[in-house]
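J.: What follows is the file protein-v3.pdb, containing PDB, C-alpha atoms:
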```
ATOM      1  CA  MET A   1     176.222  85.692  70.448
ATOM      2  CA  LYS A   2     176.172  89.427  69.733
ATOM      3  CA  PHE A   3     176.939  91.827  72.553
ATOM      4  CA  ALA A   4     177.347  95.572  72.974
ATOM      5  CA  PHE A   5     179.358  97.859  75.213
ATOM      6  CA  VAL A   6     177.829 101.061  76.559
ATOM      7  CA  PHE A   7     179.704 103.882  78.274
ATOM      8  CA  PRO A   8     178.269 106.059  81.058
ATOM      9  CA  GLY A   9     178.376 109.834  81.006
ATOM     10  CA  GLN A  10     178.229 112.658  83.497
ATOM     11  CA  GLY A  11     176.460 111.695  86.708
ATOM     12  CA  SER A  12     178.248 108.387  87.326
ATOM     13  CA  GLN A  13     181.272 110.036  88.965
ATOM     14  CA  SER A  14     182.191 109.652  92.640
ATOM     15  CA  VAL A  15     185.308 109.880  94.779
ATOM     16  CA  GLY A  16     186.954 106.452  94.858
ATOM     17  CA  MET A  17     185.072 105.196  91.813
ATOM     18  CA  MET A  18     188.180 103.489  90.401
ATOM     19  CA  ASN A  19     189.150 101.690  93.643
ATOM     20  CA  GLY A  20     187.632  98.425  92.481
ATOM     21  CA  TYR A  21     190.132  98.165  89.614
ATOM     22  CA  ASP A  22     193.276  98.294  91.782
ATOM     23  CA  ASP A  23     194.688  95.007  90.471
ATOM     24  CA  LEU A  24     194.466  96.115  86.830
ATOM     25  CA  PRO A  25     197.556  98.323  86.270
ATOM     26  CA  ILE A  26     196.349  99.588  82.884
ATOM     27  CA  VAL A  27     193.569 101.531  84.618
ATOM     28  CA  ARG A  28     195.974 103.744  86.531
ATOM     29  CA  GLU A  29     198.265 103.957  83.497
ATOM     30  CA  THR A  30     195.363 105.352  81.475
ATOM     31  CA  PHE A  31     194.727 108.059  84.059
ATOM     32  CA  VAL A  32     198.429 108.944  84.169
ATOM     33  CA  GLU A  33     198.462 109.222  80.372
ATOM     34  CA  ALA A  34     195.428 111.505  80.491
ATOM     35  CA  SER A  35     196.923 113.618  83.263
ATOM     36  CA  ASP A  36     200.020 114.183  81.137
ATOM     37  CA  VAL A  37     197.816 115.396  78.253
ATOM     38  CA  LEU A  38     195.688 117.765  80.334
ATOM     39  CA  LYS A  39     198.441 118.750  82.817
ATOM     40  CA  GLN A  40     196.348 117.883  85.853
ATOM     41  CA  ASP A  41     196.555 115.028  88.375
ATOM     42  CA  PHE A  42     193.283 113.218  87.785
ATOM     43  CA  TRP A  43     194.334 110.024  89.558
ATOM     44  CA  SER A  44     194.649 111.858  92.870
ATOM     45  CA  MET A  45     191.386 113.692  92.233
ATOM     46  CA  VAL A  46     189.416 110.538  91.541
ATOM     47  CA  ASN A  47     190.847 108.767  94.565
ATOM     48  CA  ASP A  48     191.075 111.556  97.133
ATOM     49  CA  GLY A  49     188.630 114.196  95.944
ATOM     50  CA  PRO A  50     187.383 116.572  97.097
ATOM     51  CA  ALA A  51     183.980 115.799  95.598
ATOM     52  CA  GLU A  52     183.511 119.477  94.742
ATOM     53  CA  ASP A  53     186.454 119.281  92.323
ATOM     54  CA  LEU A  54     185.286 115.962  90.926
ATOM     55  CA  ASN A  55     181.837 117.395  90.214
ATOM     56  CA  LEU A  56     183.045 120.465  88.334
ATOM     57  CA  THR A  57     181.922 119.929  84.751
ATOM     58  CA  VAL A  58     185.374 120.743  83.352
ATOM     59  CA  ASN A  59     186.770 117.906  85.488
ATOM     60  CA  THR A  60     183.845 115.480  85.395
ATOM     61  CA  GLN A  61     183.692 115.170  81.633
ATOM     62  CA  PRO A  62     187.392 114.270  81.151
ATOM     63  CA  LEU A  63     187.240 111.978  84.195
ATOM     64  CA  MET A  64     184.339 109.956  82.834
ATOM     65  CA  LEU A  65     186.095 109.677  79.466
ATOM     66  CA  MET A  66     189.216 108.363  81.221
ATOM     67  CA  ALA A  67     187.182 105.911  83.269
ATOM     68  CA  GLY A  68     185.397 104.436  80.265
ATOM     69  CA  VAL A  69     188.570 104.118  78.200
ATOM     70  CA  ALA A  70     190.509 102.672  81.152
ATOM     71  CA  VAL A  71     187.939  99.927  81.764
ATOM     72  CA  TYR A  72     187.759  99.086  78.070
ATOM     73  CA  ARG A  73     191.553  98.840  77.919
ATOM     74  CA  ALA A  74     191.438  96.566  80.960
ATOM     75  CA  TRP A  75     188.917  94.380  79.132
ATOM     76  CA  GLU A  76     191.231  94.158  76.132
ATOM     77  CA  SER A  77     194.288  93.462  78.299
ATOM     78  CA  LEU A  78     192.514  90.427  79.785
ATOM     79  CA  GLY A  79     191.773  89.020  76.344
ATOM     80  CA  GLY A  80     188.138  90.088  76.172
ATOM     81  CA  GLU A  81     186.458  89.744  72.812
ATOM     82  CA  GLN A  82     185.501  92.814  70.845
ATOM     83  CA  PRO A  83     181.813  93.729  71.070
ATOM     84  CA  ASN A  84     179.603  93.971  68.014
ATOM     85  CA  PHE A  85     178.399  97.489  68.870
ATOM     86  CA  PHE A  86     179.185 100.491  71.027
ATOM     87  CA  ALA A  87     177.039 103.275  72.406
ATOM     88  CA  GLY A  88     177.566 105.957  75.013
ATOM     89  CA  HIS A  89     175.111 107.969  77.061
ATOM     90  CA  SER A  90     175.700 111.606  76.086
ATOM     91  CA  LEU A  91     179.337 112.277  77.055
ATOM     92  CA  GLY A  92     179.879 108.499  76.993
ATOM     93  CA  GLU A  93     179.859 108.637  73.191
ATOM     94  CA  TYR A  94     183.398 110.019  73.357
ATOM     95  CA  SER A  95     184.592 106.897  75.188
ATOM     96  CA  ALA A  96     182.906 104.840  72.469
ATOM     97  CA  LEU A  97     184.682 106.878  69.777
ATOM     98  CA  VAL A  98     188.055 106.169  71.376
ATOM     99  CA  ALA A  99     187.270 102.467  71.826
ATOM    100  CA  SER A 100     186.245 102.237  68.166
ATOM    101  CA  GLN A 101     189.419 104.075  67.064
ATOM    102  CA  VAL A 102     187.547 107.053  65.612
ATOM    103  CA  LEU A 103     189.355 109.486  67.919
ATOM    104  CA  THR A 104     192.756 109.237  69.550
ATOM    105  CA  PHE A 105     192.615 109.302  73.337
ATOM    106  CA  SER A 106     194.611 112.532  73.379
ATOM    107  CA  ASP A 107     192.276 114.304  70.944
ATOM    108  CA  ALA A 108     189.219 113.042  72.817
ATOM    109  CA  LEU A 109     190.553 114.415  76.103
ATOM    110  CA  SER A 110     191.137 117.848  74.614
ATOM    111  CA  LEU A 111     187.742 117.834  72.917
ATOM    112  CA  VAL A 112     185.881 116.807  76.047
ATOM    113  CA  ARG A 113     187.623 119.437  78.160
ATOM    114  CA  TYR A 114     186.688 122.041  75.528
ATOM    115  CA  ARG A 115     183.116 120.683  75.369
ATOM    116  CA  ALA A 116     182.739 121.115  79.111
ATOM    117  CA  GLN A 117     184.055 124.675  78.989
ATOM    118  CA  VAL A 118     181.770 125.866  76.191
ATOM    119  CA  MET A 119     178.757 124.176  77.772
ATOM    120  CA  GLN A 120     179.455 125.960  81.054
ATOM    121  CA  GLU A 121     179.894 129.282  79.246
ATOM    122  CA  ALA A 122     176.720 128.891  77.162
ATOM    123  CA  VAL A 123     174.294 129.509  80.019
ATOM    124  CA  PRO A 124     175.063 131.690  83.065
ATOM    125  CA  GLU A 125     174.872 130.050  86.483
ATOM    126  CA  GLY A 126     171.285 129.897  87.715
ATOM    127  CA  VAL A 127     169.649 130.560  84.331
ATOM    128  CA  GLY A 128     169.155 126.964  83.253
ATOM    129  CA  GLY A 129     168.251 123.685  84.891
ATOM    130  CA  MET A 130     167.289 120.047  84.470
ATOM    131  CA  ALA A 131     164.709 117.870  86.182
ATOM    132  CA  ALA A 132     163.923 114.173  86.268
ATOM    133  CA  ILE A 133     160.289 113.168  85.756
ATOM    134  CA  LEU A 134     159.284 109.655  86.820
ATOM    135  CA  GLY A 135     156.047 107.866  86.077
ATOM    136  CA  LEU A 136     154.796 109.694  82.985
ATOM    137  CA  GLY A 137     154.956 108.610  79.337
ATOM    138  CA  ASP A 138     157.060 110.332  76.697
ATOM    139  CA  GLU A 139     154.085 111.976  75.015
ATOM    140  CA  ALA A 140     152.859 113.392  78.315
ATOM    141  CA  ILE A 141     156.289 114.919  78.925
ATOM    142  CA  LYS A 142     156.351 116.447  75.441
ATOM    143  CA  SER A 143     152.905 117.901  76.040
ATOM    144  CA  ILE A 144     154.019 119.440  79.339
ATOM    145  CA  CYS A 145     157.033 121.052  77.653
ATOM    146  CA  GLN A 146     154.819 122.480  74.915
ATOM    147  CA  GLU A 147     152.328 123.833  77.448
ATOM    148  CA  VAL A 148     155.047 125.544  79.471
ATOM    149  CA  THR A 149     156.766 127.125  76.469
ATOM    150  CA  SER A 150     153.460 128.370  75.075
ATOM    151  CA  ASN A 151     153.126 130.429  78.262
ATOM    152  CA  ARG A 152     156.758 131.566  78.248
ATOM    153  CA  ILE A 153     157.563 133.088  74.875
ATOM    154  CA  ASP A 154     161.204 133.850  75.674
ATOM    155  CA  GLU A 155     161.966 130.644  77.584
ATOM    156  CA  SER A 156     162.465 127.034  76.560
ATOM    157  CA  LEU A 157     161.664 123.630  78.026
ATOM    158  CA  GLU A 158     162.377 120.375  76.203
ATOM    159  CA  PRO A 159     162.790 116.644  76.821
ATOM    160  CA  ALA A 160     166.540 116.089  77.202
ATOM    161  CA  ASN A 161     166.984 112.398  78.064
ATOM    162  CA  PHE A 162     164.621 109.532  77.258
ATOM    163  CA  ASN A 163     166.374 107.260  79.741
ATOM    164  CA  SER A 164     163.900 104.421  80.265
ATOM    165  CA  PRO A 165     160.138 103.880  80.168
ATOM    166  CA  GLY A 166     158.705 106.329  82.671
ATOM    167  CA  GLN A 167     161.982 108.181  83.253
ATOM    168  CA  VAL A 168     162.529 111.346  81.224
ATOM    169  CA  VAL A 169     164.768 114.322  81.977
ATOM    170  CA  ILE A 170     163.663 117.796  80.920
ATOM    171  CA  ALA A 171     165.916 120.821  80.414
ATOM    172  CA  GLY A 172     165.655 124.530  79.728
ATOM    173  CA  HIS A 173     165.338 127.833  81.530
ATOM    174  CA  ARG A 174     165.159 127.300  85.272
ATOM    175  CA  ALA A 175     161.757 128.945  85.770
ATOM    176  CA  ALA A 176     160.326 126.860  82.925
ATOM    177  CA  VAL A 177     161.771 123.675  84.441
ATOM    178  CA  LEU A 178     160.188 124.501  87.802
ATOM    179  CA  GLU A 179     156.824 125.049  86.112
ATOM    180  CA  GLY A 180     157.300 121.755  84.274
ATOM    181  CA  ILE A 181     157.836 120.002  87.605
ATOM    182  CA  ASP A 182     154.596 121.425  88.982
ATOM    183  CA  LEU A 183     152.660 120.415  85.867
ATOM    184  CA  ALA A 184     154.139 116.909  85.912
ATOM    185  CA  LYS A 185     153.073 116.436  89.536
ATOM    186  CA  ALA A 186     149.598 117.700  88.712
ATOM    187  CA  LYS A 187     149.373 115.181  85.869
ATOM    188  CA  GLY A 188     150.281 112.253  88.111
ATOM    189  CA  ALA A 189     154.067 111.929  87.994
ATOM    190  CA  LYS A 190     155.389 109.628  90.700
ATOM    191  CA  ARG A 191     158.316 111.972  91.183
ATOM    192  CA  ALA A 192     159.496 115.229  89.647
ATOM    193  CA  VAL A 193     162.692 116.754  91.000
ATOM    194  CA  MET A 194     165.366 119.250  90.011
ATOM    195  CA  LEU A 195     168.756 117.712  89.296
ATOM    196  CA  PRO A 196     171.938 119.192  90.806
ATOM    197  CA  MET A 197     173.219 120.394  87.431
ATOM    198  CA  SER A 198     173.795 124.007  86.444
ATOM    199  CA  ILE A 199     174.108 123.182  82.746
ATOM    200  CA  PRO A 200     170.872 122.456  80.837
ATOM    201  CA  SER A 201     172.255 119.810  78.482
ATOM    202  CA  HIS A 202     170.594 118.466  75.332
ATOM    203  CA  CYS A 203     168.341 121.451  74.674
ATOM    204  CA  THR A 204     168.385 124.557  72.507
ATOM    205  CA  LEU A 205     170.195 126.551  75.208
ATOM    206  CA  MET A 206     173.297 124.650  74.096
ATOM    207  CA  LYS A 207     173.175 125.975  70.519
ATOM    208  CA  SER A 208     176.006 128.467  71.120
ATOM    209  CA  ALA A 209     178.165 125.701  72.610
ATOM    210  CA  ALA A 210     177.371 123.527  69.589
ATOM    211  CA  GLU A 211     178.575 126.249  67.214
ATOM    212  CA  LYS A 212     181.890 126.434  69.052
ATOM    213  CA  MET A 213     182.206 122.636  69.011
ATOM    214  CA  HIS A 214     181.613 122.691  65.264
ATOM    215  CA  GLN A 215     184.582 125.037  64.830
ATOM    216  CA  GLN A 216     186.762 122.999  67.186
ATOM    217  CA  LEU A 217     185.991 119.730  65.408
ATOM    218  CA  GLU A 218     187.212 121.169  62.105
ATOM    219  CA  ASN A 219     190.755 120.839  63.487
ATOM    220  CA  ILE A 220     190.373 117.221  64.621
ATOM    221  CA  GLU A 221     191.029 114.176  62.450
ATOM    222  CA  LEU A 222     188.483 111.368  62.752
ATOM    223  CA  CYS A 223     188.743 107.851  61.349
ATOM    224  CA  SER A 224     186.009 105.411  60.405
ATOM    225  CA  PRO A 225     184.881 103.287  63.365
ATOM    226  CA  VAL A 226     186.211  99.736  63.502
ATOM    227  CA  ILE A 227     183.076  98.756  65.454
ATOM    228  CA  PRO A 228     179.694 100.432  64.788
ATOM    229  CA  ILE A 229     178.568 103.084  67.277
ATOM    230  CA  ILE A 230     174.853 103.723  67.725
ATOM    231  CA  HIS A 231     174.591 107.466  68.306
ATOM    232  CA  ASN A 232     172.224 109.252  70.697
ATOM    233  CA  VAL A 233     170.865 111.799  68.249
ATOM    234  CA  ASP A 234     169.461 109.610  65.472
ATOM    235  CA  VAL A 235     170.010 106.034  66.732
ATOM    236  CA  GLN A 236     172.102 105.291  63.656
ATOM    237  CA  ALA A 237     175.686 104.158  63.025
ATOM    238  CA  HIS A 238     177.800 106.546  60.950
ATOM    239  CA  GLN A 239     180.929 105.630  59.013
ATOM    240  CA  ASN A 240     182.447 108.870  57.748
ATOM    241  CA  ALA A 241     184.113 111.708  59.632
ATOM    242  CA  VAL A 242     181.789 114.438  58.362
ATOM    243  CA  SER A 243     178.690 112.615  59.621
ATOM    244  CA  ILE A 244     180.245 111.824  62.993
ATOM    245  CA  LYS A 245     181.341 115.417  63.539
ATOM    246  CA  ASP A 246     177.819 116.563  62.697
ATOM    247  CA  ILE A 247     176.398 114.092  65.220
ATOM    248  CA  LEU A 248     178.743 115.360  67.962
ATOM    249  CA  VAL A 249     177.610 118.918  67.330
ATOM    250  CA  ARG A 250     173.901 118.059  67.226
ATOM    251  CA  GLN A 251     174.255 115.903  70.331
ATOM    252  CA  LEU A 252     174.625 119.021  72.484
ATOM    253  CA  TYR A 253     171.143 120.358  71.743
ATOM    254  CA  ASN A 254     169.187 117.193  70.927
ATOM    255  CA  PRO A 255     167.773 114.647  73.382
ATOM    256  CA  VAL A 256     169.527 111.437  74.363
ATOM    257  CA  ARG A 257     167.374 108.687  72.879
ATOM    258  CA  TRP A 258     168.571 105.931  75.176
ATOM    259  CA  VAL A 259     165.424 103.782  75.041
ATOM    260  CA  ASP A 260     165.591 103.755  71.233
ATOM    261  CA  THR A 261     169.300 102.918  71.384
ATOM    262  CA  ILE A 262     168.699  99.782  73.439
ATOM    263  CA  HIS A 263     165.817  98.799  71.146
ATOM    264  CA  ALA A 264     168.190  99.212  68.179
ATOM    265  CA  PHE A 265     170.569  96.740  69.795
ATOM    266  CA  VAL A 266     167.724  94.261  70.236
ATOM    267  CA  ASP A 267     166.704  94.702  66.597
ATOM    268  CA  ALA A 268     170.318  93.897  65.642
ATOM    269  CA  ASP A 269     170.141  90.601  67.621
ATOM    270  CA  VAL A 270     172.260  91.786  70.557
ATOM    271  CA  VAL A 271     171.598  89.558  73.555
ATOM    272  CA  SER A 272     174.001  91.021  76.126
ATOM    273  CA  ILE A 273     174.965  94.588  77.070
ATOM    274  CA  ALA A 274     177.928  95.487  79.281
ATOM    275  CA  GLU A 275     178.265  98.879  80.965
ATOM    276  CA  CYS A 276     181.914  99.792  80.612
ATOM    277  CA  GLY A 277     182.876 102.003  83.530
ATOM    278  CA  PRO A 278     182.321 102.589  87.239
ATOM    279  CA  GLY A 279     178.799 102.474  88.574
ATOM    280  CA  LYS A 280     175.662 100.702  87.408
ATOM    281  CA  ILE A 281     173.412 103.529  86.249
ATOM    282  CA  LEU A 282     173.099 102.382  82.640
ATOM    283  CA  ALA A 283     172.697  98.733  83.625
ATOM    284  CA  GLY A 284     169.721  99.774  85.747
ATOM    285  CA  LEU A 285     168.163 101.759  82.911
ATOM    286  CA  ASN A 286     168.777  98.963  80.418
ATOM    287  CA  LYS A 287     166.997  96.417  82.603
ATOM    288  CA  ARG A 288     163.922  98.622  82.673
ATOM    289  CA  ILE A 289     164.013  98.955  78.902
ATOM    290  CA  ASP A 290     164.345  95.224  78.121
ATOM    291  CA  ARG A 291     164.571  92.588  80.842
ATOM    292  CA  ASN A 292     165.199  89.815  78.318
ATOM    293  CA  LEU A 293     168.699  91.088  77.632
ATOM    294  CA  GLN A 294     171.679  89.995  79.705
ATOM    295  CA  HIS A 295     172.926  93.015  81.645
ATOM    296  CA  LEU A 296     176.470  93.358  82.968
ATOM    297  CA  ALA A 297     178.079  96.232  84.849
ATOM    298  CA  LEU A 298     181.896  96.160  84.632
ATOM    299  CA  ALA A 299     182.092  98.140  87.866
ATOM    300  CA  ASP A 300     185.283  96.553  89.254
ATOM    301  CA  SER A 301     188.061  94.158  88.267
ATOM    302  CA  GLU A 302     186.101  91.093  89.377
ATOM    303  CA  THR A 303     183.148  91.866  87.124
ATOM    304  CA  VAL A 304     185.504  92.682  84.242
ATOM    305  CA  LYS A 305     187.146  89.275  84.616
ATOM    306  CA  GLN A 306     183.775  87.530  84.912
ATOM    307  CA  GLY A 307     182.579  89.336  81.799
ATOM    308  CA  VAL A 308     185.654  88.343  79.816
ATOM    309  CA  ASP A 309     185.092  84.694  80.717
ATOM    310  CA  GLY A 310     181.321  84.801  80.287
ATOM    311  CA  LEU A 311     181.295  86.453  76.867
ATOM    312  CA  LYS A 312     183.934  84.193  75.251
TER     313      LYS A 312
END
```
Turn this file's structure into structure tokens for me.
T.:
Amino acid sequence: MKFAFVFPGQGSQSVGMMNGYDDLPIVRETFVEASDVLKQDFWSMVNDGPAEDLNLTVNTQPLMLMAGVAVYRAWESLGGEQPNFFAGHSLGEYSALVASQVLTFSDALSLVRYRAQVMQEAVPEGVGGMAAILGLGDEAIKSICQEVTSNRIDESLEPANFNSPGQVVIAGHRAAVLEGIDLAKAKGAKRAVMLPMSIPSHCTLMKSAAEKMHQQLENIELCSPVIPIIHNVDVQAHQNAVSIKDILVRQLYNPVRWVDTIHAFVDADVVSIAECGPGKILAGLNKRIDRNLQHLALADSETVKQGVDGLK
């Protein structure tokens, strides 16, 4: 039976999110290791908050990397079998790269902290935005983005996340996003709402951040993955360092093709997908994409143990 592991990205964080793994010592050990690398006490932050610190992009991105790697290490420590594939939602790709031994944990932490910084610097506070549109098809969303940008020569609006059928996130200049919300409602969207994110990810406003990431990645050694990773940008698995670095750069300004990623797993005869990290956001999306798959969320030690036993 083929199965895949997927890692959540930014948006799954919350104070106390690691409490359910208390009886798995390797989880805390992973956070301590990461705190030593970045010279910051992330274990206290994730357990005690405050939420404002947890939600700062420069903290959230390393935290979600730590969480994904910690849960995967817990899986391995309990004798869990290796999956046939990995994928990660946006930032979650970095957890997948560590799990597949492409990046060392230390290098991934430094890269993700740098990624967060250059993303924050790319667009001044209040200039960009993101919105979730529910109840419209992908083509309708693309059409809305084209209509808005045709009226706003110096502003951009693009699909950023194809999360599940009828759930697409758009990103760009704030005024363009607000106009996109109004158009989506007029065209029958069930819901169209701004997201509490100051950084417009996965759109052309991140091009300057991508250029800086390209330079930063030149100094990082990558290995070939021991387990294939299906990447967000092109829904392909890449084997060499040059291709993977290119994907990580392009990821910043291209949409997350999550629906296509899950379909790629199905085409490869995957029958079960486990979300490796706190929360159940991806498990919920995956169910809406294909209900015939088995969906697991390794959201605490009990579900990790059940998954280890169930997937043997």
J.: Under the rule that all atoms listed in the file are counted, which of A:Met194, A:Ala67, A:Met130, A:Leu54 is the nearest residue to Gly279 of chain A?
T.: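 Among A:Met194, A:Ala67, A:Met130, A:Leu54, it is A:Ala67 that comes nearest to Gly279 of chain A.
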J.: From the set A:Trp43, A:Arg291, A:Ala274, A:Leu205, which residue has the shortest atom-to-atom contact distance to Gly310 of chain A, counting only C-alpha atoms?
T.: A:Ala274
J.: Of the residues A:Asp246, A:Gln251, A:Ala34, A:Trp75, which is the one nearest to Ser301 of chain A, using all atoms listed in the file?
T.: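 Smallest separation from Ser301 of chain A among the options: A:Trp75.
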J.: I'd like the neighbourhood of segment 136-138 of chain A as a VMD selection string, where a residue qualifies if any of its atoms comes within 9 Å (using only C-alpha atoms), though same-chain residues fewer than 2 positions away should be ignored.
T.: chain A and resid 133 to 134 140 to 143 159 162 165 to 168 184 187 to 190
J.: Evaluate the PyMOL selection byres ((chain A and resi 242) around 12) and record the selected residues as a PDB file with C-alpha atoms, in the frame of the given file, following the chain and residue labels used in the document.
T.:
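Contents of expr-v3.pdb, as written:
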```pdb
ATOM      1  CA  VAL A 102     187.547 107.053  65.612  1.00  0.00           C
ATOM      2  CA  HIS A 214     181.613 122.691  65.264  1.00  0.00           C
ATOM      3  CA  LEU A 217     185.991 119.730  65.408  1.00  0.00           C
ATOM      4  CA  GLU A 218     187.212 121.169  62.105  1.00  0.00           C
ATOM      5  CA  ILE A 220     190.373 117.221  64.621  1.00  0.00           C
ATOM      6  CA  GLU A 221     191.029 114.176  62.450  1.00  0.00           C
ATOM      7  CA  LEU A 222     188.483 111.368  62.752  1.00  0.00           C
ATOM      8  CA  CYS A 223     188.743 107.851  61.349  1.00  0.00           C
ATOM      9  CA  SER A 224     186.009 105.411  60.405  1.00  0.00           C
ATOM     10  CA  HIS A 238     177.800 106.546  60.950  1.00  0.00           C
ATOM     11  CA  GLN A 239     180.929 105.630  59.013  1.00  0.00           C
ATOM     12  CA  ASN A 240     182.447 108.870  57.748  1.00  0.00           C
ATOM     13  CA  ALA A 241     184.113 111.708  59.632  1.00  0.00           C
ATOM     14  CA  SER A 243     178.690 112.615  59.621  1.00  0.00           C
ATOM     15  CA  ILE A 244     180.245 111.824  62.993  1.00  0.00           C
ATOM     16  CA  LYS A 245     181.341 115.417  63.539  1.00  0.00           C
ATOM     17  CA  ASP A 246     177.819 116.563  62.697  1.00  0.00           C
ATOM     18  CA  ILE A 247     176.398 114.092  65.220  1.00  0.00           C
ATOM     19  CA  LEU A 248     178.743 115.360  67.962  1.00  0.00           C
ATOM     20  CA  VAL A 249     177.610 118.918  67.330  1.00  0.00           C
TER      21      VAL A 249
END
```
J.: With the PyMOL selection byres ((chain A and resi 131) around 7) as the selection, what would be picked from this file? Answer as a list in words, please.
T.: Gly129, Met130, Ala132, Ile133, Val169, Ile170, Ala171, Val177, Ala192, Val193, Met194 and Leu195 of chain A
J.: Would you list the contacts of Glu81 of chain A as a list in words, taking every protein, DNA or RNA residue within 12 Å and counting only C-alpha atoms, but skipping same-chain residues closer than 5 positions in sequence?
T.: Met1, Lys2, Phe3, Ala4, Phe5, Tyr72, Arg73, Ala74, Trp75, Glu76, Val304, Lys305, Gly307, Val308, Asp309, Gly310, Leu311 and Lys312 of chain A
J.: Residues near Ala210 of chain A, anyone? I mean within 10 Å using all atoms listed in the file, not counting same-chain ones fewer than 2 positions away, as an MDAnalysis selection string.
T.: chainID A and resid 115 118:119 122 204:208 212:216 246 248:253
J.: Which of these residues is nearest to Ile227 of chain A, using only C-alpha atoms: A:Phe42, A:Trp258, A:Phe86, A:Phe265?
T.: A:Phe86
J.: Neighbours of Gly128 of chain A within 7 Å (all atoms listed in the file; same-chain residues fewer than 6 positions away dropped), as a PyMOL selection string?
T.: chain A and resi 172-174+198-200
J.: With only C-alpha atoms counted, which protein, DNA or RNA residues have an atom no more than 9 Å from (187.2, 104.6, 74.0) in the file frame? Please answer as a PyMOL selection string.
T.: chain A and resi 7+65-66+68-70+72-73+92-105+108
J.: Taking the file as shown, find all residues satisfying the PyMOL selection byres ((chain A and resi 155) around 9) and write them as a ChimeraX atom specification.
T.: /A:148-149,151-154,156-157,172-176
